[in-house]
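First the structure, in the form of structure tokens, and then the observations on it.
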Amino acid sequence: MSKKPGATQALHKVIMVGSGGVGKSALTLQFMYDEFVEDYEPTKADSYRKKVVLDGEEVQIDILDTAGQEDYAAIRDNYFRSGEGFLCVFSITEDDSFQATQEFREQILRVKNDENIPFLLVGNKSDLQEKRKVSLADAQARSQQWGVPYVETSAKTRENVDKVFFDLMREIRSRKIEDKSASNGRGKDRAKRKKKKCIIL
Amino acid sequence: MAAIRHTLQREIFMPNDEKLLSVCYVSKAYKKKKTSFLCLTTTTDTPGVLLLYQVKKNDKNVFKKKQSWPLTDIQTVDSVTPDSLDLELHIDKVYKWSATTAQERRTFISNLYTYSCSLPQRPTFKNIPKDWLMDPVTLKESDSISFTPDLLASPIPSDYQPITDKEAADLATLMSGCDYAVSNAELFMETLSKDLSVLDGENVQSVLASETQVTQLMNGIEEAITEASLVEARLAVYDEALGRIREAMARVGQKNQAIHTANHNARLLLEQLDAVITQLDIPAKHQRVLSEAELPGGREELSLAGTALLKAMQAPLPPGLDRLGAVSEQRRRLDKLKAKFSLIVARHLNNLFIHLGNDIGETPASTTDLTLPAHQTVHRELEPYTELMRLLRALDNKAFMQLTKVYTGTMSKLYQRDLKLFFEEAKTRLIGKRLHNNPSKSSGQKGEDLVPAAPICLLGGEIWAPQGEGAFLDSVLDRALSQMQPVCLAEQAFCISFLQLDSVLSPSKGSEADEVDNMSNGATSPGSATSTASKKLERQLNEEVRATMAAIFPSLEPELNNFISYLDKIDSFWCMFVLVRLSQHVMSAQDTGSFLSMTFASALVQVKRSFDKFMQAQLQSILRDTKVNRRNKCGILPYVENFENFARTAEKIFKNSDRKIDLEKWYTKLVSAMFEAIVIHSAEHHKTPQEVIKMENFHHLYDLLSQLKISVLDHERKEAKQKYHDALRAYVIQYFGRPLEKLNLFFEGVQAKVGAGVKESEISYQMAFSKQELRRVVKEYPAREVKKGLENLYRKVEKHLCEEENLLQVVWREMQGEFIAQYIYIEELIQRCYPDSMVTLEFTIQDILEFFSEIARSH
Ligand SMILES: Nc1nc2c(ncn2[C@@H]2O[C@H](COP(=O)(O)OP(=O)(O)O)[C@@H](O)[C@H]2O)c(=O)[nH]1
Ligand SMILES: [Mg+2]
């Protein structure tokens, strides 16, 4: 309370989304505390904050780890709204979780009303290659279709865990810089930046 | 045997008209089991045929003849050796037997001989003593009784007695003397009796004639007796004479012995005197040296002479000899020499000590680091005198003690000065930086008074900015401690050898030494006694060394303590640094009993106390100093916030230290104090609800403990997580009800009635819970109102929660869930308790979700 670090320090708000059991909490805890939790404890929502050095600059990251399944999707509106970037996680061992990313993506776009919202498609549990159900090609195809990066991670081996968080923070940071210059110039209207929307049948 | 003989006669031989003459129980030689009876028999018809039978007893105990030989067929009878039991008969082959008893064998062989005499061809008897073999001719009946009891014992009837050859010859001669004998027996008899009476008469005559001879013989005997008694008397005289001589001889022997003893004693005495003289004597050369030597030049000679003197003075004299006038005189002379020696040594060393007391000590010229000078030169200078010191100690303990005092006195001044400068320099270095940073303060050398102690930064304090540069303090401290070590150890090693601290106990402690001696000699279990005795000795030595070191370094402990307590002016965490660094030095010291180690150890005890006091202060400040702020939001309490830096600093200091356990004990105390304090302080904020304060602070603490990963606090970490969840739950439950308060109250009432036993279908008949009442309450919550209530709630939550814990989304998600759950619950109760009332809430789930989305969009 004596210090007021927030005044100058950048704060990036990241939301973890994805079906239950895909490893959102595991990724968060691995990133936060360098630990891997074997047992599965369903989350409702939990918030974490950490100071990190992003490309030489000390910043803070807020991570909101969320429940996978809600009875009513609208409940998610509020926290989607609060996010500046999204890690959309599925498990490469479970096709359903991959299919579910579609719905999450749509809701995020709707709530944020922004096609270019910083967003990473994350295929977790890459250490379980022998149980893979979602092919790399399918996942890459979807990420290309959405125009977002695709990264495979393992919360267990820590593979790419830092990468997804840092990549996302970089996207958020560049978006903020972009927004600043944009708001200095013409009016800030995200709808104008909307991409051509894909309709899936 | 007699029984067997009888049985054999009756069963084997009688039926065949044979008569058993002699029997011998034999076994086949070398085969003791194969036994049989050798039987000598004769046929009863006249003249009898002599046969030798071998009879055996078969399995059924019946005797059977096995073999028989006519006695004439036997060629040789061999007894092999007279006193064995062997019996060899050469017949058709050689039969080897052995008899069971020697007597039996002898009898049998004798009988064989006797009976074979009458044979035309008798066997040869080999290896048989003459007296066994008796011609029956020479035998009288009486002889054979004793000689061959076997024959007599035999049941052989004696009605037939063959006349022996000699008898026959005698008879023939007798009869040939009388031609008529055969024809006229009567005349022959008459002649014979006439002869007999003549012979009788002659006999009587000769008896009568021998009487004079007998008398002669008697006289002779009497004479012999008198002669013998004469000889005896003579012998008695000789004997007496001999007895006297023996006594004289014994006396001579005793005298001889005495002379020997006297001689031996004289020799011994001579030896003793010789020993005493050589032991007590000191060569003139040494005497001169002892009184005139000059130091340092005469050091070698002096110590040689001193050794001789010591030897002479300590020479073990036999008891009593020391009372000799000459001995005491010599001793007096030795004492004088001793006094001279002592004077020379003491004077010189005294001066030398004082001279050396001005030593500046050596400091490596190159280094600019903090350095405590060593005094190797002093030691090097004094070392050659070690032997003289040893002699002095043995010869004149008082002078030695005096010198020791002088030495310790001078050295203590030296070290006192060194240590003072050393620690002052250390302090200057420590505050140098500070003064540098604070140039306004005077650049005084006596920085001590100018620098106030760094205030301890308490966990409970609002502002937490610990002062200090721990790493710098630590490096100066480490340097200071490690500088003291070699100097102290060098001095200690020197003192042990120079002041003889390792030699077995000084004479002044003689009684104790004796005690130790007695213990090791007379104890029943020598092993344990000597070990305890040696341990005691070791302890005593250690104590002596320590006492000497304490005399040389009197200022070390106060200077060190002073320096250590000075450190609190430099750094708020000073006692942690010192605890870790000092204990590392204590632990790594090789000799734990040394003066320096003990000094460090006692300083360590002080520091541990300071550390505990420091931690206690932190602990107390959590509750005592904390003031809940007056701002709109309470947020994170100061100690929860401060604990992060506190723990990170402490962890860094105690990293790898074996003192970590001391810290960990305090961690648990601090954290549990914080748990309690959070609960207490959460009730004290004027705006923020209690649950929010608990939720945010426990969340913060949980996050912090997860990051710190202090293993002893793992339990507390889980506890914090649980408390955070509990507070979140409590907060959500307490506040979500607000937007539908009246509805909630209404249905809580309904629930209470149901709980009290009212049927759900009959609730509507209760006055307070009639359909009308329900409609009225429901009317109060049109969709518009609900939306407004939710928006208010959201705003309120936003106002309660602090930004840094970032729990708004977590709480709101929870509240949305709870709100929907409550909506469903109320709908269900209406369905169940007022089924036909057609009353429904004036808003739907869809409305609620729409409100949620709208709230989301508007923020
Ligand atoms: N092998 C493996 N298991 C994982 C990985 N990530 C998560 N898990 C496990 O999957 C289960 C669900 O993980 P969790 O993080 O709770 O999923 P969430 O519901 O998305 O938060 C847990 O038992 C984890 O141990 C991973 O990368 N590899
Ligand atoms: Mg989870």
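Chain lettering (A, B, ...) mirrors the order of the structure tokens, residue numbering begins at 1 for each chain separately, and ligand numbering begins at 1 in order of display.
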
Which residues are near ligand 2 in this structure, taking near to mean any atom at most 12 Å from a ligand atom and counting only C-alpha atoms and all ligand atoms? Format them as a ChimeraX atom specification.
/A:16-29,37-47,64-69,89

Show me, as number ranges by chain, every residue of chain A with an atom at most 8 Å from chain B, counting only C-alpha atoms.
A: 1-2, 32-33, 44-49, 62, 64, 72, 74-79, 81-82, 111

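Closest to ligand 1 among A:Arg158, A:Lys50, A:Arg110, A:Lys180 is A:Arg158, based on only C-alpha atoms and all ligand atoms.
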
Per DSSP on the backbone, what are the alpha helix (DSSP H) residues of segment 5-197 of chain A, as a PyMOL selection string?
chain A and resi 24-33+74-82+95-112+136-146+161-184

Need to verify the contact set: segment 403-412 of chain B, 7 Å, only C-alpha atoms, exclusion of same-chain residues closer than 6 positions in sequence. Can you return it as a compact mmCIF listing (two decimals) with C-alpha atoms, in the first residue's frame?
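What landed in out_7.txt:
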# COMPACT_ATOMS: atom_id res chain seq x y z
CA ALA B 346 63.30 -14.26 33.93
CA ASN B 350 60.79 -10.02 30.94
CA PHE B 353 58.32 -9.34 26.34
CA ILE B 354 58.14 -5.69 27.08
CA GLY B 357 54.94 -5.39 23.23
CA LEU B 499 53.51 -21.44 28.12
CA ALA B 551 43.79 -13.08 29.65
CA ILE B 552 45.43 -12.28 26.32
CA PHE B 553 42.22 -11.24 24.55
CA PRO B 554 40.21 -9.63 27.32

Could you please write out, as a PyMOL selection string, every residue of segment 43-117 of chain A that DSSP assigns to strand (DSSP E or B)?
chain A and resi 45-54+57-66+85-91

Preceding selection exported with N, CA, C and O atoms as a short mmCIF file (atom, residue, chain, number, x, y, z; two decimals), in the first residue's frame:
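After the write, selection.cif holds the following:
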data_model
loop_
_atom_site.label_atom_id
_atom_site.label_comp_id
_atom_site.auth_asym_id
_atom_site.auth_seq_id
_atom_site.Cartn_x
_atom_site.Cartn_y
_atom_site.Cartn_z
N ALA A 45 -14.19 -19.89 -10.87
CA ALA A 45 -13.38 -18.82 -11.45
C ALA A 45 -12.36 -18.44 -10.41
O ALA A 45 -12.63 -18.50 -9.22
N ASP A 46 -11.17 -18.10 -10.87
CA ASP A 46 -10.15 -17.68 -9.92
C ASP A 46 -9.25 -16.67 -10.60
O ASP A 46 -9.06 -16.71 -11.81
N SER A 47 -8.72 -15.78 -9.78
CA SER A 47 -7.96 -14.68 -10.34
C SER A 47 -6.53 -14.73 -9.83
O SER A 47 -6.29 -15.02 -8.67
N TYR A 48 -5.59 -14.47 -10.72
CA TYR A 48 -4.17 -14.49 -10.36
C TYR A 48 -3.51 -13.23 -10.91
O TYR A 48 -3.94 -12.69 -11.92
N ARG A 49 -2.49 -12.83 -10.19
CA ARG A 49 -1.72 -11.68 -10.69
C ARG A 49 -0.24 -11.95 -10.50
O ARG A 49 0.17 -12.51 -9.51
N LYS A 50 0.52 -11.54 -11.49
CA LYS A 50 1.95 -11.80 -11.41
C LYS A 50 2.71 -10.68 -12.09
O LYS A 50 2.25 -10.15 -13.10
N LYS A 51 3.87 -10.38 -11.50
CA LYS A 51 4.76 -9.42 -12.15
C LYS A 51 5.72 -10.18 -13.05
O LYS A 51 6.33 -11.15 -12.61
N VAL A 52 5.82 -9.76 -14.29
CA VAL A 52 6.77 -10.42 -15.19
C VAL A 52 7.53 -9.35 -15.98
O VAL A 52 7.13 -8.18 -16.01
N VAL A 53 8.63 -9.78 -16.54
CA VAL A 53 9.38 -8.86 -17.40
C VAL A 53 9.11 -9.24 -18.85
O VAL A 53 9.45 -10.34 -19.29
N LEU A 54 8.44 -8.33 -19.52
CA LEU A 54 8.07 -8.60 -20.91
C LEU A 54 8.97 -7.75 -21.81
O LEU A 54 8.86 -6.52 -21.82
N GLU A 57 10.57 -4.97 -20.08
CA GLU A 57 9.71 -4.02 -19.37
C GLU A 57 8.93 -4.78 -18.30
O GLU A 57 8.40 -5.87 -18.56
N GLU A 58 8.94 -4.25 -17.07
CA GLU A 58 8.21 -4.95 -16.02
C GLU A 58 6.71 -4.65 -16.15
O GLU A 58 6.30 -3.48 -16.16
N VAL A 59 5.95 -5.68 -16.29
CA VAL A 59 4.49 -5.51 -16.44
C VAL A 59 3.79 -6.46 -15.48
O VAL A 59 4.40 -7.37 -14.93
N GLN A 60 2.48 -6.23 -15.32
CA GLN A 60 1.71 -7.17 -14.51
C GLN A 60 0.74 -7.91 -15.40
O GLN A 60 0.18 -7.34 -16.34
N ILE A 61 0.57 -9.18 -15.08
CA ILE A 61 -0.43 -9.93 -15.83
C ILE A 61 -1.51 -10.40 -14.85
O ILE A 61 -1.20 -10.92 -13.77
N ASP A 62 -2.75 -10.15 -15.24
CA ASP A 62 -3.89 -10.67 -14.49
C ASP A 62 -4.44 -11.85 -15.26
O ASP A 62 -4.71 -11.74 -16.45
N ILE A 63 -4.59 -12.96 -14.58
CA ILE A 63 -5.13 -14.13 -15.27
C ILE A 63 -6.44 -14.50 -14.61
O ILE A 63 -6.49 -14.68 -13.39
N LEU A 64 -7.47 -14.61 -15.41
CA LEU A 64 -8.74 -15.08 -14.87
C LEU A 64 -8.93 -16.50 -15.39
O LEU A 64 -9.10 -16.72 -16.59
N ASP A 65 -8.85 -17.43 -14.47
CA ASP A 65 -9.04 -18.84 -14.83
C ASP A 65 -10.51 -19.14 -14.61
O ASP A 65 -11.07 -18.85 -13.56
N THR A 66 -11.17 -19.68 -15.64
CA THR A 66 -12.63 -19.79 -15.57
C THR A 66 -13.08 -21.23 -15.63
O THR A 66 -12.30 -22.13 -15.94
N GLY A 85 -7.23 -10.19 -23.58
CA GLY A 85 -6.69 -11.21 -24.47
C GLY A 85 -7.17 -12.57 -23.99
O GLY A 85 -7.50 -12.74 -22.81
N PHE A 86 -7.21 -13.55 -24.89
CA PHE A 86 -7.79 -14.85 -24.55
C PHE A 86 -6.88 -16.00 -24.93
O PHE A 86 -6.30 -16.01 -26.01
N LEU A 87 -6.76 -16.93 -23.99
CA LEU A 87 -6.14 -18.20 -24.34
C LEU A 87 -7.28 -19.20 -24.44
O LEU A 87 -7.91 -19.54 -23.43
N CYS A 88 -7.54 -19.63 -25.66
CA CYS A 88 -8.66 -20.56 -25.86
C CYS A 88 -8.06 -21.96 -25.93
O CYS A 88 -7.38 -22.34 -26.88
N VAL A 89 -8.32 -22.70 -24.85
CA VAL A 89 -7.60 -23.96 -24.67
C VAL A 89 -8.50 -25.15 -24.99
O VAL A 89 -9.67 -25.17 -24.64
N PHE A 90 -7.93 -26.14 -25.70
CA PHE A 90 -8.59 -27.44 -25.81
C PHE A 90 -7.53 -28.50 -25.55
O PHE A 90 -6.33 -28.19 -25.48
N SER A 91 -8.01 -29.71 -25.35
CA SER A 91 -7.04 -30.79 -25.12
C SER A 91 -6.89 -31.58 -26.41
O SER A 91 -7.89 -31.99 -27.00
#

With distances taken over only C-alpha atoms, the candidate from A:Arg170, A:Lys133, A:Arg142, A:Lys163 nearest Pro118 of chain A is A:Arg170

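We find atom CA of Phe611 of chain B and atom CA of Leu623 of chain B to be spaced 19.5 Å apart.
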
Show which residues sit within 10 Å of Ser135 of chain A, as a VMD selection string. Count only C-alpha atoms, and ignore same-chain residues fewer than 3 positions away.
chain A and resid 92 to 93 95 123 132 138 to 141

Those residues you just picked out, can you put them in a file as a compact mmCIF listing (two decimals), in the first residue's frame with N, CA and C atoms?
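Printed below is part_12.txt as written:
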# COMPACT_ATOMS: atom_id res chain seq x y z
N ILE A 92 -5.64 -31.83 -26.84
CA ILE A 92 -5.45 -32.56 -28.10
C ILE A 92 -5.90 -34.01 -27.95
N THR A 93 -6.24 -34.42 -26.73
CA THR A 93 -6.70 -35.80 -26.54
C THR A 93 -8.22 -35.90 -26.55
N ASP A 95 -11.60 -34.61 -28.73
CA ASP A 95 -12.12 -33.89 -29.88
C ASP A 95 -13.23 -32.92 -29.48
N GLY A 123 -3.52 -25.87 -28.00
CA GLY A 123 -3.77 -27.32 -27.89
C GLY A 123 -2.93 -27.87 -26.76
N ARG A 132 -3.47 -38.64 -28.81
CA ARG A 132 -3.94 -37.49 -29.61
C ARG A 132 -5.19 -37.85 -30.42
N ASP A 138 -5.76 -30.23 -38.41
CA ASP A 138 -7.11 -29.69 -38.14
C ASP A 138 -7.01 -28.43 -37.30
N ALA A 139 -6.16 -28.50 -36.25
CA ALA A 139 -6.05 -27.36 -35.35
C ALA A 139 -5.48 -26.16 -36.10
N GLN A 140 -4.46 -26.43 -36.93
CA GLN A 140 -3.85 -25.32 -37.67
C GLN A 140 -4.84 -24.72 -38.66
N ALA A 141 -5.63 -25.59 -39.25
CA ALA A 141 -6.62 -25.12 -40.23
C ALA A 141 -7.59 -24.14 -39.56

Long-range neighbours of Val151 of chain A as a ChimeraX atom specification, 10 Å cut-off, only C-alpha atoms, 3 positions minimum in chain:
/A:89,120-124,126,136,139-140,143,148,160-161,163-164,167

Neighbours of segment 371-386 of chain B within 7 Å (only C-alpha atoms; same-chain residues fewer than 3 positions away dropped), as a ChimeraX atom specification?
/B:356,361-363,389-390,418,422,483-484,487,494,498

Limited to N, CA, C and O atoms, could you put the picked residues into a file as a compact mmCIF listing (two decimals), in the first residue's frame?
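Saved result, part23.txt, follows:
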# COMPACT_ATOMS: atom_id res chain seq x y z
N LEU B 356 58.90 -6.54 22.92
CA LEU B 356 58.06 -7.02 21.83
C LEU B 356 56.65 -6.44 21.90
O LEU B 356 55.90 -6.46 20.93
N GLY B 361 52.77 -5.49 14.37
CA GLY B 361 52.07 -6.58 13.71
C GLY B 361 52.21 -6.45 12.21
O GLY B 361 52.54 -5.38 11.71
N GLU B 362 51.97 -7.57 11.53
CA GLU B 362 52.17 -7.51 10.09
C GLU B 362 50.84 -7.52 9.36
O GLU B 362 49.94 -8.29 9.67
N THR B 363 50.73 -6.62 8.45
CA THR B 363 49.54 -6.50 7.63
C THR B 363 50.00 -6.65 6.20
O THR B 363 50.95 -5.98 5.81
N MET B 389 61.72 -21.84 28.90
CA MET B 389 60.45 -21.65 29.62
C MET B 389 60.04 -22.94 30.31
O MET B 389 59.58 -22.94 31.45
N ARG B 390 60.23 -24.02 29.58
CA ARG B 390 59.84 -25.32 30.15
C ARG B 390 60.68 -25.60 31.40
O ARG B 390 60.17 -26.02 32.44
N ASP B 418 44.91 -3.56 18.84
CA ASP B 418 44.61 -4.06 17.49
C ASP B 418 43.11 -4.20 17.28
O ASP B 418 42.56 -3.76 16.27
N PHE B 422 40.70 -2.37 14.76
CA PHE B 422 40.08 -3.26 13.78
C PHE B 422 38.56 -3.03 13.71
O PHE B 422 37.99 -2.82 12.65
N GLN B 483 38.84 -12.77 9.87
CA GLN B 483 40.14 -12.19 10.22
C GLN B 483 40.56 -12.60 11.63
O GLN B 483 41.73 -12.78 11.91
N MET B 484 39.59 -12.72 12.51
CA MET B 484 39.92 -13.04 13.91
C MET B 484 40.44 -14.46 14.05
O MET B 484 41.30 -14.73 14.86
N VAL B 487 44.35 -15.17 13.61
CA VAL B 487 45.14 -14.48 14.64
C VAL B 487 44.99 -15.19 15.97
O VAL B 487 45.96 -15.50 16.66
N PHE B 494 50.68 -20.84 19.78
CA PHE B 494 51.94 -20.40 20.36
C PHE B 494 51.92 -20.54 21.89
O PHE B 494 52.86 -21.05 22.48
N PHE B 498 54.49 -22.44 24.15
CA PHE B 498 55.42 -21.56 24.85
C PHE B 498 55.13 -21.53 26.36
O PHE B 498 56.04 -21.56 27.18

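Of note, atom CA of Leu477 of chain B and atom CA of Ile496 of chain B are spaced 28.6 Å apart.
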
Shell of 12 Å around Tyr95 of chain B, only C-alpha atoms, local chain residues under 2 positions omitted, as a VMD selection string
chain B and resid 26 to 30 38 54 67 74 to 79 86 to 93 97 to 98

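Across B:Phe614, B:Thr100, B:Glu424, B:Glu818, the tightest approach to Asp71 of chain A is made by B:Glu818 when counting only C-alpha atoms.
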
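Picture a line from atom CA of Thr114 of chain B to atom CA of Trp69 of chain B; it runs 17.2 Å.
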